[in-house]
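upload_34.pdb (PDB, C-alpha atoms and all ligand atoms) appears below.
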```pdb
ATOM      1  CA  MET A   9       9.254 -38.662  10.197
ATOM      2  CA  SER A  10       5.763 -37.061   9.854
ATOM      3  CA  LYS A  11       2.597 -39.183   9.882
ATOM      4  CA  PRO A  12       0.964 -39.745   6.466
ATOM      5  CA  PHE A  13      -1.811 -37.250   5.752
ATOM      6  CA  GLN A  14      -5.350 -38.569   6.240
ATOM      7  CA  ILE A  15      -8.796 -37.086   6.932
ATOM      8  CA  THR A  16     -10.702 -38.541   9.905
ATOM      9  CA  GLY A  17     -14.220 -37.989  11.225
ATOM     10  CA  LYS A  18     -12.746 -35.524  13.717
ATOM     11  CA  SER A  19     -10.564 -33.550  11.321
ATOM     12  CA  SER A  20     -10.660 -29.756  11.581
ATOM     13  CA  LEU A  21     -11.242 -28.332   8.097
ATOM     14  CA  VAL A  22      -9.889 -25.330   6.225
ATOM     15  CA  GLY A  23     -10.148 -24.703   2.501
ATOM     16  CA  LEU A  24      -9.328 -22.521  -0.451
ATOM     17  CA  ILE A  25     -12.085 -20.472  -2.082
ATOM     18  CA  GLY A  26     -11.255 -19.390  -5.621
ATOM     19  CA  TRP A  27     -12.061 -19.876  -9.302
ATOM     20  CA  PRO A  28     -10.204 -21.803 -10.532
ATOM     21  CA  VAL A  29      -8.347 -23.534  -7.674
ATOM     22  CA  GLU A  30      -6.845 -26.632  -9.275
ATOM     23  CA  HIS A  31      -3.353 -25.154  -9.806
ATOM     24  CA  SER A  32      -2.967 -23.831  -6.249
ATOM     25  CA  LEU A  33      -0.022 -25.026  -4.146
ATOM     26  CA  SER A  34      -1.796 -24.144  -0.869
ATOM     27  CA  PRO A  35      -3.410 -27.581  -0.316
ATOM     28  CA  VAL A  36      -0.060 -29.428  -0.529
ATOM     29  CA  MET A  37       1.735 -26.813   1.602
ATOM     30  CA  HIS A  38      -0.834 -26.837   4.412
ATOM     31  CA  ASN A  39      -1.523 -30.559   4.423
ATOM     32  CA  ALA A  40       2.223 -31.243   4.624
ATOM     33  CA  ALA A  41       2.457 -28.838   7.579
ATOM     34  CA  PHE A  42      -0.511 -30.461   9.382
ATOM     35  CA  ALA A  43       1.052 -33.904   8.887
ATOM     36  CA  GLU A  44       4.447 -32.678  10.105
ATOM     37  CA  LEU A  45       2.952 -31.382  13.364
ATOM     38  CA  GLY A  46       0.668 -34.417  13.752
ATOM     39  CA  LEU A  47      -2.463 -32.206  13.602
ATOM     40  CA  ASP A  48      -5.777 -33.813  12.653
ATOM     41  CA  TRP A  49      -6.535 -31.044  10.171
ATOM     42  CA  ALA A  50      -7.227 -31.040   6.429
ATOM     43  CA  TYR A  51      -7.092 -28.348   3.734
ATOM     44  CA  VAL A  52      -9.400 -28.789   0.760
ATOM     45  CA  PRO A  53      -9.753 -26.862  -2.508
ATOM     46  CA  LEU A  54     -13.229 -25.306  -2.893
ATOM     47  CA  ALA A  55     -14.025 -24.156  -6.425
ATOM     48  CA  VAL A  56     -16.527 -21.288  -6.080
ATOM     49  CA  THR A  57     -17.973 -19.433  -9.069
ATOM     50  CA  PRO A  58     -18.293 -15.632  -8.851
ATOM     51  CA  THR A  59     -22.067 -15.927  -8.452
ATOM     52  CA  SER A  60     -21.803 -18.291  -5.448
ATOM     53  CA  VAL A  61     -19.470 -16.335  -3.167
ATOM     54  CA  GLU A  62     -22.101 -15.448  -0.550
ATOM     55  CA  GLN A  63     -23.427 -19.040  -0.264
ATOM     56  CA  ALA A  64     -19.871 -20.358  -0.047
ATOM     57  CA  ILE A  65     -18.873 -17.970   2.745
ATOM     58  CA  ARG A  66     -22.051 -18.643   4.755
ATOM     59  CA  GLY A  67     -21.580 -22.363   4.122
ATOM     60  CA  LEU A  68     -18.146 -22.384   5.783
ATOM     61  CA  ALA A  69     -19.654 -21.854   9.259
ATOM     62  CA  ALA A  70     -22.560 -24.185   8.452
ATOM     63  CA  LEU A  71     -20.063 -26.928   7.601
ATOM     64  CA  SER A  72     -17.976 -26.223  10.749
ATOM     65  CA  PHE A  73     -14.904 -25.057   8.797
ATOM     66  CA  VAL A  74     -12.293 -23.286  10.928
ATOM     67  CA  GLY A  75     -11.539 -20.917   8.058
ATOM     68  CA  ALA A  76     -10.360 -20.576   4.498
ATOM     69  CA  ASN A  77      -7.908 -18.946   2.177
ATOM     70  CA  VAL A  78      -9.366 -16.796  -0.567
ATOM     71  CA  THR A  79      -7.775 -16.405  -3.983
ATOM     72  CA  VAL A  80      -8.562 -14.742  -7.305
ATOM     73  CA  PRO A  81     -11.117 -13.535  -8.226
ATOM     74  CA  HIS A  82     -12.825 -13.364  -4.796
ATOM     75  CA  LYS A  83     -10.370 -11.433  -2.574
ATOM     76  CA  GLN A  84     -12.475  -8.247  -2.692
ATOM     77  CA  ALA A  85     -15.906  -9.851  -3.082
ATOM     78  CA  VAL A  86     -15.749 -11.766   0.226
ATOM     79  CA  ILE A  87     -15.266  -8.619   2.330
ATOM     80  CA  ARG A  88     -18.963  -7.710   2.572
ATOM     81  CA  TYR A  89     -19.704 -11.057   4.265
ATOM     82  CA  LEU A  90     -17.074 -10.680   7.012
ATOM     83  CA  ASP A  91     -17.493  -9.214  10.506
ATOM     84  CA  GLU A  92     -14.015  -7.791  11.138
ATOM     85  CA  LEU A  93     -10.871  -7.113   9.098
ATOM     86  CA  ASN A  94      -7.237  -6.742  10.148
ATOM     87  CA  ASP A  95      -5.586  -3.477   9.134
ATOM     88  CA  ALA A  96      -3.796  -4.989   6.107
ATOM     89  CA  ALA A  97      -7.111  -6.329   4.747
ATOM     90  CA  GLN A  98      -8.934  -3.086   5.443
ATOM     91  CA  ILE A  99      -6.310  -0.852   3.857
ATOM     92  CA  THR A 100      -5.490  -3.034   0.844
ATOM     93  CA  GLY A 101      -9.176  -3.873   0.282
ATOM     94  CA  ALA A 102      -8.329  -7.573  -0.154
ATOM     95  CA  VAL A 103      -8.798 -10.614   2.075
ATOM     96  CA  ASN A 104      -6.874 -13.837   1.481
ATOM     97  CA  THR A 105      -7.550 -15.549   4.827
ATOM     98  CA  ILE A 106     -10.758 -16.044   6.824
ATOM     99  CA  HIS A 107     -10.912 -17.344  10.392
ATOM    100  CA  ILE A 108     -14.261 -18.257  11.960
ATOM    101  CA  ARG A 109     -14.358 -17.862  15.733
ATOM    102  CA  GLU A 110     -17.587 -18.351  17.727
ATOM    103  CA  GLY A 111     -19.607 -17.905  14.556
ATOM    104  CA  LYS A 112     -17.913 -14.589  13.658
ATOM    105  CA  TYR A 113     -15.936 -14.150  10.439
ATOM    106  CA  PHE A 114     -12.528 -12.454  10.708
ATOM    107  CA  GLY A 115     -10.754 -11.422   7.491
ATOM    108  CA  TYR A 116      -7.005 -11.027   7.078
ATOM    109  CA  ASN A 117      -4.568 -10.144   4.346
ATOM    110  CA  THR A 118      -1.487 -12.299   4.983
ATOM    111  CA  ASP A 119       0.233 -11.335   1.697
ATOM    112  CA  ALA A 120       1.694  -8.169   3.250
ATOM    113  CA  VAL A 121       3.302  -9.982   6.215
ATOM    114  CA  GLY A 122       4.279 -12.871   3.936
ATOM    115  CA  PHE A 123       6.046 -10.513   1.548
ATOM    116  CA  LEU A 124       7.886  -8.708   4.352
ATOM    117  CA  ASN A 125       8.967 -11.968   6.005
ATOM    118  CA  SER A 126      10.298 -13.235   2.664
ATOM    119  CA  LEU A 127      12.483 -10.106   2.373
ATOM    120  CA  ILE A 128      13.733 -10.424   5.947
ATOM    121  CA  GLU A 129      14.495 -14.110   5.398
ATOM    122  CA  ALA A 130      16.668 -13.026   2.451
ATOM    123  CA  ASP A 131      18.394 -10.478   4.740
ATOM    124  CA  CYS A 132      16.764  -7.565   2.892
ATOM    125  CA  HIS A 133      15.449  -4.891   5.284
ATOM    126  CA  PRO A 134      13.329  -2.246   3.515
ATOM    127  CA  LYS A 135      13.503   0.382   6.277
ATOM    128  CA  ASP A 136      14.998   3.564   4.763
ATOM    129  CA  MET A 137      15.287   1.959   1.311
ATOM    130  CA  ARG A 138      14.252   3.661  -1.944
ATOM    131  CA  VAL A 139      11.977   1.143  -3.642
ATOM    132  CA  ALA A 140      10.595   0.756  -7.169
ATOM    133  CA  VAL A 141       7.476  -1.418  -7.401
ATOM    134  CA  LEU A 142       6.531  -2.627 -10.887
ATOM    135  CA  GLY A 143       2.770  -3.217 -11.152
ATOM    136  CA  ALA A 144      -0.301  -1.846  -9.384
ATOM    137  CA  GLY A 145      -2.637  -4.853  -9.077
ATOM    138  CA  GLY A 146      -3.781  -6.731  -5.962
ATOM    139  CA  ALA A 147      -0.330  -8.040  -5.020
ATOM    140  CA  SER A 148       1.186  -4.587  -5.415
ATOM    141  CA  ARG A 149      -1.285  -3.170  -2.864
ATOM    142  CA  ALA A 150      -0.101  -5.677  -0.249
ATOM    143  CA  VAL A 151       3.553  -4.984  -1.139
ATOM    144  CA  VAL A 152       3.236  -1.179  -0.969
ATOM    145  CA  PHE A 153       1.306  -1.480   2.322
ATOM    146  CA  ALA A 154       4.094  -3.666   3.753
ATOM    147  CA  LEU A 155       6.828  -1.300   2.535
ATOM    148  CA  ALA A 156       5.092   1.764   3.990
ATOM    149  CA  LYS A 157       4.602  -0.052   7.324
ATOM    150  CA  ALA A 158       8.263  -1.084   7.288
ATOM    151  CA  GLU A 159       9.223   2.603   6.842
ATOM    152  CA  ALA A 160      10.819   2.457   3.408
ATOM    153  CA  ALA A 161      12.278   5.882   2.600
ATOM    154  CA  ALA A 162      10.326   6.208  -0.667
ATOM    155  CA  VAL A 163       8.223   3.931  -2.880
ATOM    156  CA  THR A 164       7.482   4.582  -6.558
ATOM    157  CA  VAL A 165       4.826   2.428  -8.220
ATOM    158  CA  PHE A 166       5.374   1.969 -11.975
ATOM    159  CA  ASN A 167       2.450   0.576 -13.948
ATOM    160  CA  ARG A 168       1.474   0.047 -17.585
ATOM    161  CA  THR A 169      -1.859   1.693 -16.735
ATOM    162  CA  ALA A 170      -0.495   4.725 -14.887
ATOM    163  CA  GLU A 171      -3.939   5.754 -13.529
ATOM    164  CA  ARG A 172      -4.152   2.482 -11.606
ATOM    165  CA  ALA A 173      -0.805   3.272  -9.934
ATOM    166  CA  ALA A 174      -2.037   6.794  -9.150
ATOM    167  CA  PHE A 175      -5.180   5.351  -7.560
ATOM    168  CA  LEU A 176      -3.169   2.896  -5.439
ATOM    169  CA  VAL A 177      -0.786   5.608  -4.212
ATOM    170  CA  ASP A 178      -3.670   7.960  -3.493
ATOM    171  CA  ASP A 179      -5.465   5.259  -1.497
ATOM    172  CA  LEU A 180      -2.459   4.334   0.663
ATOM    173  CA  ALA A 181      -1.215   7.917   1.108
ATOM    174  CA  ASP A 182      -4.248   8.559   3.360
ATOM    175  CA  THR A 183      -3.086   5.818   5.752
ATOM    176  CA  PHE A 184       0.618   6.598   5.512
ATOM    177  CA  PRO A 185       0.820  10.401   5.174
ATOM    178  CA  ASP A 186       4.510  10.422   6.137
ATOM    179  CA  SER A 187       5.523   7.836   3.524
ATOM    180  CA  HIS A 188       6.904   9.126   0.269
ATOM    181  CA  LEU A 189       4.673   7.293  -2.210
ATOM    182  CA  HIS A 190       4.872   8.184  -5.904
ATOM    183  CA  PHE A 191       3.663   6.730  -9.201
ATOM    184  CA  ALA A 192       4.942   6.671 -12.765
ATOM    185  CA  PRO A 193       4.160   4.927 -16.053
ATOM    186  CA  LEU A 194       6.003   1.632 -16.606
ATOM    187  CA  THR A 195       8.069   2.925 -19.517
ATOM    188  CA  SER A 196      11.758   2.799 -20.468
ATOM    189  CA  GLN A 197      12.077   6.548 -19.970
ATOM    190  CA  ALA A 198      10.591   6.495 -16.457
ATOM    191  CA  LEU A 199      12.970   3.694 -15.429
ATOM    192  CA  ILE A 200      15.958   5.412 -17.091
ATOM    193  CA  ASP A 201      15.049   8.557 -15.105
ATOM    194  CA  LEU A 202      15.184   6.441 -11.927
ATOM    195  CA  GLY A 203      18.858   5.725 -12.683
ATOM    196  CA  ASP A 204      20.800   4.317  -9.740
ATOM    197  CA  ASP A 205      18.598   6.056  -7.151
ATOM    198  CA  VAL A 206      16.957   2.815  -6.063
ATOM    199  CA  ASP A 207      17.879   0.150  -3.486
ATOM    200  CA  LEU A 208      15.170  -2.430  -4.155
ATOM    201  CA  VAL A 209      13.134  -3.282  -7.273
ATOM    202  CA  ILE A 210      10.050  -5.495  -6.875
ATOM    203  CA  ASN A 211       8.130  -7.024  -9.759
ATOM    204  CA  THR A 212       4.457  -7.468  -8.858
ATOM    205  CA  THR A 213       3.274  -7.681 -12.469
ATOM    206  CA  SER A 214       2.448 -11.052 -13.981
ATOM    207  CA  VAL A 215       5.014 -10.422 -16.756
ATOM    208  CA  GLY A 216       7.451 -13.345 -16.912
ATOM    209  CA  MET A 217       5.097 -15.879 -15.344
ATOM    210  CA  SER A 218       4.803 -19.348 -16.881
ATOM    211  CA  PRO A 219       4.052 -20.042 -19.719
ATOM    212  CA  ASP A 220       5.223 -16.592 -20.904
ATOM    213  CA  ILE A 221       8.641 -17.067 -19.297
ATOM    214  CA  ASP A 222      10.726 -15.071 -21.814
ATOM    215  CA  SER A 223       8.927 -11.792 -21.138
ATOM    216  CA  ASN A 224      10.465  -9.252 -18.778
ATOM    217  CA  PRO A 225       8.843  -6.158 -17.200
ATOM    218  CA  TRP A 226      12.267  -4.429 -17.137
ATOM    219  CA  PRO A 227      12.794  -3.135 -20.705
ATOM    220  CA  SER A 228      15.936  -4.422 -22.424
ATOM    221  CA  ASP A 229      17.132  -0.865 -23.214
ATOM    222  CA  VAL A 230      17.190   0.142 -19.529
ATOM    223  CA  PRO A 231      20.395  -0.656 -17.590
ATOM    224  CA  ILE A 232      20.083  -2.583 -14.322
ATOM    225  CA  PRO A 233      20.634  -0.105 -11.434
ATOM    226  CA  SER A 234      24.103  -0.694 -10.019
ATOM    227  CA  HIS A 235      23.423  -1.926  -6.504
ATOM    228  CA  ALA A 236      19.657  -2.571  -6.224
ATOM    229  CA  ALA A 237      18.312  -5.910  -5.004
ATOM    230  CA  PHE A 238      15.688  -7.415  -7.336
ATOM    231  CA  CYS A 239      12.658  -9.269  -5.992
ATOM    232  CA  ASP A 240      10.073 -11.016  -8.174
ATOM    233  CA  LEU A 241       6.731 -12.153  -6.706
ATOM    234  CA  ILE A 242       6.462 -14.772  -9.448
ATOM    235  CA  TYR A 243       7.463 -18.273  -8.272
ATOM    236  CA  ASN A 244       6.829 -20.169 -11.508
ATOM    237  CA  PRO A 245       9.473 -20.100 -12.850
ATOM    238  CA  LEU A 246      11.557 -19.628  -9.706
ATOM    239  CA  GLU A 247      14.134 -17.599 -11.621
ATOM    240  CA  THR A 248      12.288 -15.274 -13.966
ATOM    241  CA  THR A 249      13.958 -13.588 -16.936
ATOM    242  CA  LEU A 250      14.049 -10.424 -14.792
ATOM    243  CA  LEU A 251      15.893 -12.144 -11.933
ATOM    244  CA  ALA A 252      18.262 -13.892 -14.356
ATOM    245  CA  ARG A 253      19.198 -10.538 -15.897
ATOM    246  CA  ALA A 254      19.690  -8.921 -12.468
ATOM    247  CA  ARG A 255      21.793 -11.873 -11.272
ATOM    248  CA  ALA A 256      23.931 -11.734 -14.423
ATOM    249  CA  ALA A 257      24.541  -8.041 -13.659
ATOM    250  CA  GLY A 258      25.775  -9.025 -10.194
ATOM    251  CA  ASN A 259      22.710  -7.792  -8.255
ATOM    252  CA  PRO A 260      21.157  -9.732  -5.358
ATOM    253  CA  THR A 261      17.858 -11.468  -6.209
ATOM    254  CA  ILE A 262      14.854 -12.780  -4.222
ATOM    255  CA  ASP A 263      12.275 -15.097  -5.811
ATOM    256  CA  GLY A 264       8.526 -15.348  -5.063
ATOM    257  CA  LEU A 265       8.544 -18.694  -3.275
ATOM    258  CA  GLY A 266       9.346 -17.087   0.089
ATOM    259  CA  MET A 267       6.251 -14.888  -0.079
ATOM    260  CA  LEU A 268       4.079 -17.859  -1.027
ATOM    261  CA  VAL A 269       5.382 -19.848   1.939
ATOM    262  CA  HIS A 270       5.196 -16.999   4.460
ATOM    263  CA  GLN A 271       1.684 -15.819   3.535
ATOM    264  CA  GLY A 272       0.594 -19.434   4.022
ATOM    265  CA  ALA A 273       2.560 -19.704   7.259
ATOM    266  CA  PHE A 274       0.782 -16.682   8.743
ATOM    267  CA  ALA A 275      -2.628 -18.153   7.784
ATOM    268  CA  PHE A 276      -1.597 -21.475   9.350
ATOM    269  CA  GLU A 277      -0.731 -19.687  12.592
ATOM    270  CA  ILE A 278      -4.026 -17.753  12.608
ATOM    271  CA  TRP A 279      -6.046 -20.963  12.247
ATOM    272  CA  THR A 280      -4.082 -23.370  14.450
ATOM    273  CA  GLY A 281      -2.354 -21.037  16.928
ATOM    274  CA  GLN A 282       0.838 -23.030  16.271
ATOM    275  CA  LYS A 283       4.172 -22.072  14.727
ATOM    276  CA  PRO A 284       4.172 -23.442  11.173
ATOM    277  CA  PRO A 285       6.993 -25.679   9.887
ATOM    278  CA  THR A 286       8.001 -23.314   7.071
ATOM    279  CA  ASP A 287      10.748 -25.600   5.735
ATOM    280  CA  VAL A 288       8.189 -28.379   5.245
ATOM    281  CA  MET A 289       5.786 -25.947   3.545
ATOM    282  CA  ARG A 290       8.566 -24.723   1.229
ATOM    283  CA  GLN A 291       9.560 -28.274   0.300
ATOM    284  CA  ALA A 292       5.927 -29.216  -0.409
ATOM    285  CA  ALA A 293       5.545 -26.150  -2.651
ATOM    286  CA  MET A 294       8.792 -26.991  -4.469
ATOM    287  CA  ASP A 295       7.630 -30.582  -4.966
ATOM    288  CA  GLY A 296       4.322 -29.210  -6.307
ATOM    289  CA  LEU A 297       6.248 -27.032  -8.756
ATOM    290  CA  GLY A 298       8.456 -29.948  -9.768
ATOM    291  CA  ILE A 299      11.609 -28.170  -8.505
ATOM    292  CA  LYS A 300      14.439 -30.438  -7.336
TER     293      LYS A 300
HETATM  294  N1  LIG A 401       4.564 -15.047  -4.361
HETATM  295  C1  LIG A 401       3.322 -14.913  -3.940
HETATM  296  O1  LIG A 401       2.928 -15.399  -2.872
HETATM  297  C2  LIG A 401       2.362 -14.100  -4.759
HETATM  298  C3  LIG A 401       1.211 -13.562  -4.153
HETATM  299  C4  LIG A 401       0.342 -12.807  -4.950
HETATM  300  C5  LIG A 401       0.623 -12.618  -6.300
HETATM  301  N2  LIG A 401       1.752 -13.168  -6.828
HETATM  302  C6  LIG A 401       2.069 -12.945  -8.255
HETATM  303  O2  LIG A 401       2.021 -11.557  -8.523
HETATM  304  C7  LIG A 401       1.583 -11.341  -9.870
HETATM  305  C8  LIG A 401       0.457 -10.311  -9.898
HETATM  306  O3  LIG A 401      -0.671 -10.793  -9.207
HETATM  307  P1  LIG A 401      -1.927  -9.817  -8.928
HETATM  308  O4  LIG A 401      -2.889 -10.600  -8.120
HETATM  309  O5  LIG A 401      -1.471  -8.490  -8.440
HETATM  310  O6  LIG A 401      -2.508  -9.618 -10.408
HETATM  311  P2  LIG A 401      -3.394  -8.413 -10.960
HETATM  312  O7  LIG A 401      -4.166  -7.770  -9.860
HETATM  313  O8  LIG A 401      -4.113  -8.957 -12.132
HETATM  314  O9  LIG A 401      -2.304  -7.323 -11.491
HETATM  315  C9  LIG A 401      -1.500  -7.608 -12.604
HETATM  316  C10 LIG A 401      -0.447  -6.525 -12.766
HETATM  317  O10 LIG A 401       0.410  -6.902 -13.857
HETATM  318  C11 LIG A 401       0.390  -5.862 -14.847
HETATM  319  N3  LIG A 401       0.541  -6.445 -16.173
HETATM  320  C12 LIG A 401      -0.105  -7.523 -16.675
HETATM  321  N4  LIG A 401       0.300  -7.770 -17.932
HETATM  322  C13 LIG A 401       1.204  -6.812 -18.239
HETATM  323  C14 LIG A 401       1.984  -6.520 -19.393
HETATM  324  N5  LIG A 401       1.917  -7.276 -20.497
HETATM  325  N6  LIG A 401       2.833  -5.463 -19.342
HETATM  326  C15 LIG A 401       2.935  -4.708 -18.242
HETATM  327  N7  LIG A 401       2.218  -4.919 -17.108
HETATM  328  C16 LIG A 401       1.367  -5.965 -17.114
HETATM  329  C17 LIG A 401      -0.929  -5.173 -14.669
HETATM  330  O11 LIG A 401      -0.867  -3.883 -15.247
HETATM  331  P3  LIG A 401      -2.219  -3.095 -15.689
HETATM  332  O12 LIG A 401      -2.773  -2.489 -14.433
HETATM  333  O13 LIG A 401      -1.751  -2.095 -16.660
HETATM  334  O14 LIG A 401      -3.152  -4.131 -16.289
HETATM  335  C18 LIG A 401      -1.016  -5.150 -13.136
HETATM  336  O15 LIG A 401      -0.198  -4.150 -12.601
HETATM  337  C19 LIG A 401       1.197 -12.710 -10.413
HETATM  338  O16 LIG A 401       2.276 -13.194 -11.180
HETATM  339  C20 LIG A 401       1.018 -13.565  -9.175
HETATM  340  O17 LIG A 401       1.307 -14.921  -9.389
HETATM  341  C21 LIG A 401       2.626 -13.897  -6.089
END
```
Starting from the coordinates I provided, produce the structure as structure tokens.
Amino acid sequence: MSKPFQITGKSSLVGLIGWPVEHSLSPVMHNAAFAELGLDWAYVPLAVTPTSVEQAIRGLAALSFVGANVTVPHKQAVIRYLDELNDAAQITGAVNTIHIREGKYFGYNTDAVGFLNSLIEADCHPKDMRVAVLGAGGASRAVVFALAKAEAAAVTVFNRTAERAAFLVDDLADTFPDSHLHFAPLTSQALIDLGDDVDLVINTTSVGMSPDIDSNPWPSDVPIPSHAAFCDLIYNPLETTLLARARAAGNPTIDGLGMLVHQGAFAFEIWTGQKPPTDVMRQAAMDGLGIK
């Protein structure tokens, strides 16, 4: 039985910088993990407006914070105030975790590792797979980075705004010259042309996210590829309309909760140096989502 969560005068502090932050599941996930391991740590939401990012980042060290997570819309804006970046942060151009050590600010992107660990946990191994990624926003950058690192055979990024997909592919192709990265418009015809030549489909768009749960980024006139696994980064709802359709067609599916848990778990390990209790973090996130 874990000790009840409480903040003491000696608590080590981490927080979440974003705008807004009130719907985030990170505070409940991390505080449950601290309590489980009996750590005198606390995770607090820190609402920071876009005009206050610099003061907020400087203030973390001034207030003796160990670090912070960073969420929308500040993942790019914080970079100029950091001293060093890990390769995922540097290449994706987005930081979601800060660790302060001896007054120096280290920036990480834990979404890429979190995404990959969620696939592996679901026994999905992207090495040598042909992958279709729907969407070309911030999450897609972390996903394509992770897939290229994991040596996927080929990755095609489909996006409503095709130029944004072209830009993403162009950016990452410099770092991964041997990866086969392509882009295409997110249209019925482009997905029909893909046919069955795909092993893994990943939705990184926000289409299907609550409250717009009936929408689906996979057009209704395009058949589900015969054997591809379908992964959706969305975790609210846990089973999106896309995953429900793939499951009904008999395809394996992976929801977005695993990525949420594993990106948080990697941040937890960076800050505390301890192995995170991922089951406890998952349960806390599910409780936060109201999932039984
Ligand atoms: N599980 C996790 O841990 C985790 C982590 C990060 C993100 N996510 C989820 O991933 C999703 C994307 O997040 P993000 O940060 O990448 O957002 P983002 O940077 O704003 O990108 C949004 C993406 O969705 C596309 N899109 C939006 N509305 C669309 C529509 N009606 N039709 C077609 N495409 C549409 C955008 O296309 P355009 O470029 O054409 O606008 C873009 O590709 C969100 O649902 C978020 O909750 C989950």
Give me, as a tab-separated table, each residue of chain A that comes within 8 Å of ligand LIG 401 (chain A), together with its shortest interatomic pair and the distance in Å at one decimal, counting only C-alpha atoms and all ligand atoms, with rows ordered by chain and rising residue number.
```
residue	atom	partner	partner_atom	distance
A:Val80	CA	A:LIG401	O4	7.1
A:Asp119	CA	A:LIG401	C3	6.3
A:Gly122	CA	A:LIG401	O1	7.4
A:Phe123	CA	A:LIG401	O1	7.3
A:Leu142	CA	A:LIG401	O15	7.1
A:Gly143	CA	A:LIG401	O15	3.4
A:Ala144	CA	A:LIG401	O15	4.0
A:Gly145	CA	A:LIG401	O7	3.4
A:Gly146	CA	A:LIG401	O5	3.8
A:Ala147	CA	A:LIG401	O5	3.6
A:Ser148	CA	A:LIG401	O5	5.6
A:Arg149	CA	A:LIG401	O5	7.7
A:Asn167	CA	A:LIG401	O15	5.6
A:Arg168	CA	A:LIG401	O13	4.0
A:Thr169	CA	A:LIG401	O13	3.8
A:Ala170	CA	A:LIG401	O13	7.2
A:Arg172	CA	A:LIG401	O12	5.9
A:Ala173	CA	A:LIG401	O12	7.6
A:Leu194	CA	A:LIG401	C15	7.2
A:Asn211	CA	A:LIG401	O2	7.7
A:Thr212	CA	A:LIG401	O2	4.8
A:Thr213	CA	A:LIG401	O10	3.3
A:Ser214	CA	A:LIG401	O16	3.5
A:Val215	CA	A:LIG401	C13	5.5
A:Gly216	CA	A:LIG401	O16	7.7
A:Met217	CA	A:LIG401	O16	5.7
A:Pro225	CA	A:LIG401	C15	6.2
A:Asp240	CA	A:LIG401	N1	7.8
A:Leu241	CA	A:LIG401	N1	4.3
A:Ile242	CA	A:LIG401	O16	4.8
A:Tyr243	CA	A:LIG401	N1	5.8
A:Asn244	CA	A:LIG401	O17	7.9
A:Asp263	CA	A:LIG401	N1	7.8
A:Gly264	CA	A:LIG401	N1	4.0
A:Leu265	CA	A:LIG401	N1	5.5
A:Gly266	CA	A:LIG401	N1	6.8
A:Met267	CA	A:LIG401	O1	4.4
A:Leu268	CA	A:LIG401	O1	3.3
A:Val269	CA	A:LIG401	O1	7.0
A:His270	CA	A:LIG401	O1	7.8
A:Gln271	CA	A:LIG401	O1	6.5
```
Between A:Pro260, A:Gly26, A:Gly281, A:Pro245, which has the minimum distance to A:Ile299 (counting all atoms listed in the file)?
A:Pro245
Take the PyMOL selection byres (((chain A and resi 29-41) around 8) and not hetatm), apply it to the structure above, and return the hits as an MDAnalysis selection string.
chainID A and resid 13 23:28 42:45 49:55 269 272 276 284:286 288:290 292:293 296
Residues near A:Asp178, cut-off 12 Å, all atoms listed in the file, skip fewer than 3 positions along chain, as a PyMOL selection string:
chain A and resi 99-100+144+149+152+165+171-175+181-185+187-191
Separation of atom CA of A:Ala85 from atom CA of A:Ile65, in Å and rounded to one decimal
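Taking atom CA of A:Ala85 as the start and atom CA of A:Ile65 as the end point, the length is 10.4 Å.
Nearest residue to A:His133, choosing from A:Gln98, A:His82, A:Asp207, A:Glu92 and counting all atoms listed in the file: A:Asp207.
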Work out how far atom CA of A:Val151 is from atom CA of A:Ala120, in Å to one decimal.
5.7 Å
Could you give me, as a list in words, the residues that sit within 10 Å of (12.6, 11.8, -9.5) in the file's coordinates, counting all atoms listed in the file?
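Residues with an atom at most 10 Å from (12.6, 11.8, -9.5): Thr164, His190, Ala192, Ala198, Asp201, Leu202, Gly203 and Asp205 of chain A.
Among A:Val74, A:Ile210, A:Pro193, A:Ile200, the residue with the shortest atom-to-atom distance to A:Val163, counting all atoms listed in the file, is A:Ile210.
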If the PyMOL selection byres (((chain A and resi 208) around 8) and not hetatm) is run on the structure shown, which residues does it catch, given as an MDAnalysis selection string?
chainID A and resid 134 137:140 206:207 209:210 236:239
Could those selected residues go to a file with C-alpha atoms, as a PDB file, keeping the file's coordinate frame?
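Final output, saved to result24.pdb:
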```
ATOM      1  CA  PRO A 134      13.329  -2.246   3.515  1.00  0.00           C
ATOM      2  CA  MET A 137      15.287   1.959   1.311  1.00  0.00           C
ATOM      3  CA  ARG A 138      14.252   3.661  -1.944  1.00  0.00           C
ATOM      4  CA  VAL A 139      11.977   1.143  -3.642  1.00  0.00           C
ATOM      5  CA  ALA A 140      10.595   0.756  -7.169  1.00  0.00           C
ATOM      6  CA  VAL A 206      16.957   2.815  -6.063  1.00  0.00           C
ATOM      7  CA  ASP A 207      17.879   0.150  -3.486  1.00  0.00           C
ATOM      8  CA  VAL A 209      13.134  -3.282  -7.273  1.00  0.00           C
ATOM      9  CA  ILE A 210      10.050  -5.495  -6.875  1.00  0.00           C
ATOM     10  CA  ALA A 236      19.657  -2.571  -6.224  1.00  0.00           C
ATOM     11  CA  ALA A 237      18.312  -5.910  -5.004  1.00  0.00           C
ATOM     12  CA  PHE A 238      15.688  -7.415  -7.336  1.00  0.00           C
ATOM     13  CA  CYS A 239      12.658  -9.269  -5.992  1.00  0.00           C
TER      14      CYS A 239
END
```
What is the distance between atom CA of A:Gly258 and atom CA of A:Pro231, in Å to one decimal?
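Computing the Euclidean distance for atom CA of A:Gly258 and atom CA of A:Pro231 yields 12.4 Å.
Remark: for A:Pro233, the closest of the candidate residues A:Ile108, A:Ala150, A:Leu21, A:Ala254 is A:Ala254 (distances computed over all atoms listed in the file).
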Could you list the residues chosen by the PyMOL selection byres (((chain A and resi 19) around 9) and not hetatm) in this structure as a PyMOL selection string?
chain A and resi 14-18+20-21+47-50
